[in-house]
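Engineer: Okay, handing you the structure first.
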Amino acid sequence: MHFDLSKPNLLMGGIVLTLAALAGLELAPQRTLELTAPGAVGNLYLSTPGETPGQAPVQWVDAEHLRWRCHYTAAANYQPCGLTFSLTGDDPAHGMDLSRFDTLEMDLAYKGPAHFVRVAVRNFDPRFSRLDDGNSSRIHSVNLRPRDIARPVTLDLSELTVPEWWIQQFDLPREYNRPSLENATALSIDLPSDLTGQEHELQLRRLVLKGEWVSRDRVYLAILCAWLLGASLMVLRGWKQLSQSNTRQQREIDALTARTRQLRVEQDKLRRLATIDELTGVLNRRGLEQALDDFEEAAQGMTLVMLDIDHFKHVNDRHGHDCGDEVLKRVTAVVAANLRASDVFGRLGGEEFLIACQGTRVRDAARLAEKLRERVQQSEINSSAGRITVTASFGVALAPPGAPAAGALKRADEALYRAKEAGRNRVETDKSLVSDSPTTV
Ligand SMILES: Nc1nc2c(ncn2[C@@H]2O[C@H](COP(=O)(O)OP(=O)(O)OP(=O)(O)O)[C@@H](O)[C@H]2O)c(=O)[nH]1
């Protein structure tokens with residue numbers, strides 16, 4: 001189920017339903033009880049307590065039209081003169097729930113000198129009311145002046161209050177004196193005063209109780225709750241969508257991060273591959289150039305040792321290309337095994353290699369070259385063509401701090417050429433820039 005009050009049709013639907021509920025509240029028929037309708041109330045009588053039959057001071061003038069007269073000749077000890085509707089059935093303790101009604105519409109004609117006419121409702125409360133004492137049922141009343149009832153009047157049932165004399169007479173706990181019409185046993189219209197010598201005539205034309213079927217407050221509350229519920233669902237849905245999109249974005253970010261990491265690894269691998277010689281596993285020309293550039297950038301001096309395997313073409317020609325490869329690998333291993341970790345070693349191409357030494361004097365580098373020359377010469381290479389030995393020639397040159405590496409490379413190459421020229425398997429040092437101080441600044 002999707003509730004989205006941001007959708008115009010849903011919002012419109014909500015407004016229409018709200019207006020319909022409010023209109024229904026206004027137009028819906030009311031709960032009605034017309035007490036004066038024939039047969040509405042089982043028992044209807046005039047209050048004539050304690051009088052001798054035939055001489056009753058309260059008498060019907062026209063019972064059919066609910067018209068009666070009161071005339072007390074002797075003192076009647078504040079006996080009310082009036083008309084009572086009994087609201088009970090067979091059980092005198094079980095009356096009607098008038099709390100479901102809000103108003104009482106009354107059309108009463110009165111003729112006489114009384115200052116007010118009383119409307120009263122008795123409510124039987126089993127906590128303190130007794131069937132043998134009609135007065136013990138709590139009374140709720142309102143006094144109306146004759147001029148107030150000169151025309152039909154509508155009373156709010158909340159106008160009926162518990163009179164002081166009843167509260168004093170029964171002296172009950174406070175909570176029992178609160179107005180409540182949930183079990184009304186009788187409704188009277190009377191003249192509760194000293195009526196001695198007076199004559200009064202009354203006619204009740206109409207008496208109707210009215211109330212809402214559904215309380216207005218409840219309808220308003222239901223409408224408010226429905227809107228609050230709709231708004232809450234909308235907020236909840238928005239929050240859910242937000243959290244879903246947040247999770248989705250987070251997942252995308254994670255995937256991108258993982259992909260970036262993977263790409264970086266692949267890039268590193270490719271960069272390494274691009275700078276590594278496939279056959280020997282040491283730096284290739286590009287790797288060596290980068291290393292020399294780094295030295296140059298940091299203005300770190302170095303000593304270069306260039307070496308070249310002697311008559312390598314001959315090895316290839318005589319023993320085959322595979323054997324030549326074996327020789328290249330073996331010479332690489334021999335050289336690498338005799339270098340320091342700080343030395344940079346790589347293959348310039350073919351059978352030519354370069355070593356860049358930091359912090360080494362030229363004569364120390366020449367000594368290293370001499371050592372390497374011996375080790376290469378001494379090493380026997382097991383190949384498919386049997387055991388073979390090779391020699392190598394070396395050229396040593398200084399690359400002072402701040403000077404371009406290309407110049408040193410050229411001088412090392414020239415020294416190497418001289419070594420070749422001088423008969424191979426030997427070390428030649430470039431003397432043009434010999435320094436006795438270590439090359440590291
Ligand atoms: N097996 C093998 N041979 C290579 C490789 N790279 C270059 N060569 C061969 O190495 C040989 C180099 O020959 P040259 O440049 O004449 O040098 P050299 O025979 O060593 O002679 P000198 O350097 O003057 O002593 C050529 O035959 C190249 O084909 C390689 O990766 N593997």
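Going through the structure tokens in order, the chains are called A, B, and so on, while each chain numbers its residues from 1 and the ligands are numbered from 1 in the order shown.
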Near Cys357 in chain A, counting only C-alpha atoms, which residues have an atom at most 8 Å away, once you skip same-chain residues fewer than 3 positions from it, shown as a list of chain:residue names?
Structural biologist: A:Met302, A:Thr303, A:Leu304, A:Val305, A:Ser342, A:Asp343, A:Val344, A:Thr360, A:Ala365
Engineer: Kindly save the residues from that selection, with N, CA and C atoms included, as a CSV table (one decimal), in the first residue's frame.
Structural biologist:
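For reference, result.csv as written:
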```csv
chain,number,residue,atom,x,y,z
A,302,MET,N,75.7,10.1,-8.3
A,302,MET,CA,75.8,8.7,-8.4
A,302,MET,C,77.0,8.3,-9.2
A,303,THR,N,77.4,7.0,-9.1
A,303,THR,CA,78.4,6.5,-10.0
A,303,THR,C,77.8,5.4,-10.9
A,304,LEU,N,78.0,5.5,-12.1
A,304,LEU,CA,77.4,4.5,-13.1
A,304,LEU,C,78.4,3.5,-13.5
A,305,VAL,N,77.9,2.2,-13.5
A,305,VAL,CA,78.7,1.1,-13.9
A,305,VAL,C,78.0,0.5,-15.1
A,342,SER,N,70.6,-0.5,-2.0
A,342,SER,CA,70.4,0.9,-2.5
A,342,SER,C,70.9,1.0,-3.9
A,343,ASP,N,71.6,0.0,-4.5
A,343,ASP,CA,72.0,0.1,-5.9
A,343,ASP,C,70.8,-0.1,-6.8
A,344,VAL,N,70.9,0.6,-7.9
A,344,VAL,CA,69.8,0.4,-8.9
A,344,VAL,C,70.5,-0.4,-10.1
A,360,THR,N,78.8,6.2,-3.3
A,360,THR,CA,80.0,5.4,-3.7
A,360,THR,C,81.1,6.2,-4.4
A,365,ALA,N,83.5,2.2,-6.9
A,365,ALA,CA,82.6,1.6,-8.0
A,365,ALA,C,83.5,0.8,-8.9
```
Engineer: Among range 77-222 of chain A, which residues carry a DSSP assignment of strand (DSSP E or B), reported as a PyMOL selection string?
Structural biologist: chain A and resi 81-86+96+103-111+117-123+130+133+138-144+153-156+161+184-191+196+199-211
Engineer: Smallest atom-to-atom distance to ligand 1: which of A:Asp364, A:Glu352, A:Asp430, A:Asp90, using only C-alpha atoms and all ligand atoms?
Structural biologist: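 Using only C-alpha atoms and all ligand atoms, the shortest distance to ligand 1 belongs to A:Glu352.
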Engineer: Around ligand 1, out to 6 Å and counting only C-alpha atoms and all ligand atoms, which residues are there? I want them as a list of chain:residue names.
Structural biologist: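 Within the 6 Å cut-off, the matching residues are A:Ile309, A:Asp310, A:His311, A:Phe312, A:Lys313, A:His314, A:Asn316, A:His321, A:Asp322, A:Gly324, A:Asp325, A:Gly350, A:Glu351.
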Engineer: Determine the nearest neighbour of Leu22 in chain A from the options A:Arg218, A:Arg264, A:Arg347, A:Arg286, counting only C-alpha atoms.
Structural biologist: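 Nearest to Leu22 in chain A: A:Arg218.
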Engineer: Could you pull out the alpha helix (DSSP H) residues of range 313-395 of chain A from DSSP and send them as a count of residues only?
Structural biologist: 41
Engineer: Need the shell around Thr161 in chain A: protein/DNA/RNA residues with any atom at most 10 Å away, counting only C-alpha atoms. Skip same-chain ones fewer than 3 positions apart. Format as a JSON list (two decimals) with N, CA and C atoms, in the first residue's frame?
Structural biologist:
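Generated file (selection-v9.json):
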```json
[["chain", "number", "residue", "atom", "x", "y", "z"],
["A", 120, "ALA", "N", -37.43, 19.09, 35.55],
["A", 120, "ALA", "CA", -36.56, 18.28, 36.42],
["A", 120, "ALA", "C", -36.46, 16.85, 35.89],
["A", 121, "VAL", "N", -35.27, 16.27, 36.09],
["A", 121, "VAL", "CA", -35.05, 14.86, 35.70],
["A", 121, "VAL", "C", -34.51, 14.13, 36.92],
["A", 139, "ILE", "N", -31.84, 14.51, 41.71],
["A", 139, "ILE", "CA", -32.66, 15.38, 40.86],
["A", 139, "ILE", "C", -31.76, 16.39, 40.13],
["A", 140, "HIS", "N", -32.10, 16.63, 38.85],
["A", 140, "HIS", "CA", -31.39, 17.64, 38.05],
["A", 140, "HIS", "C", -32.47, 18.58, 37.54],
["A", 141, "SER", "N", -32.33, 19.88, 37.79],
["A", 141, "SER", "CA", -33.44, 20.76, 37.41],
["A", 141, "SER", "C", -32.95, 22.10, 36.91],
["A", 142, "VAL", "N", -33.89, 22.78, 36.22],
["A", 142, "VAL", "CA", -33.64, 24.15, 35.81],
["A", 142, "VAL", "C", -34.98, 24.89, 35.96],
["A", 157, "LEU", "N", -29.23, 20.28, 27.81],
["A", 157, "LEU", "CA", -29.38, 19.41, 28.99],
["A", 157, "LEU", "C", -28.32, 19.71, 30.05],
["A", 158, "SER", "N", -27.23, 20.37, 29.61],
["A", 158, "SER", "CA", -26.21, 20.71, 30.60],
["A", 158, "SER", "C", -26.68, 21.84, 31.53],
["A", 164, "GLU", "N", -29.13, 22.66, 45.39],
["A", 164, "GLU", "CA", -28.46, 22.70, 46.70],
["A", 164, "GLU", "C", -29.27, 21.93, 47.76],
["A", 177, "ASN", "N", -22.76, 13.81, 43.76],
["A", 177, "ASN", "CA", -23.60, 14.98, 43.49],
["A", 177, "ASN", "C", -23.39, 15.56, 42.09],
["A", 178, "ARG", "N", -22.51, 14.91, 41.33],
["A", 178, "ARG", "CA", -22.25, 15.41, 39.97],
["A", 178, "ARG", "C", -23.43, 15.09, 39.06],
["A", 179, "PRO", "N", -23.82, 16.03, 38.18],
["A", 179, "PRO", "CA", -24.93, 15.75, 37.27],
["A", 179, "PRO", "C", -24.61, 14.55, 36.38],
["A", 180, "SER", "N", -25.57, 13.66, 36.24],
["A", 180, "SER", "CA", -25.42, 12.51, 35.36],
["A", 180, "SER", "C", -26.80, 12.00, 34.99]]
```
Engineer: Using only C-alpha atoms, pick whichever of A:Thr247, A:Thr332, A:Gln262, A:Ser47 has the shortest atom-to-atom distance to Asp190 in chain A.
Structural biologist: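 Looking only at the distances to Asp190 in chain A, the closest residue turns out to be A:Ser47.
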Engineer: At a cut-off of 8 Å, using only C-alpha atoms, what residues contact Leu283 in chain A? Leave out same-chain residues fewer than 3 positions from it and give the result as a PyMOL selection string.
Structural biologist: chain A and resi 275-277+286-288+345-347
Engineer: Pick the closest to Gly197 in chain A from A:Leu307, A:Cys70, A:Leu236, A:Cys323: which is it, counting only C-alpha atoms?
Structural biologist: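 For Gly197 in chain A, the nearest of the given residues is A:Cys70.
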Engineer: Within 12 Å of Arg426 in chain A, counting only C-alpha atoms, which residues show up once you throw out same-chain ones fewer than 4 positions away? Write them as a ChimeraX atom specification, please.
Structural biologist: /A:306-310,366-367,369-374,376-377,391-396,415-422
Engineer: Could you give me, as a PyMOL selection string, the residues within 8 Å of Val208 in chain A, counting only C-alpha atoms and dropping anything in the same chain fewer than 2 positions from it?
Structural biologist: chain A and resi 32-36+104-106+206+210
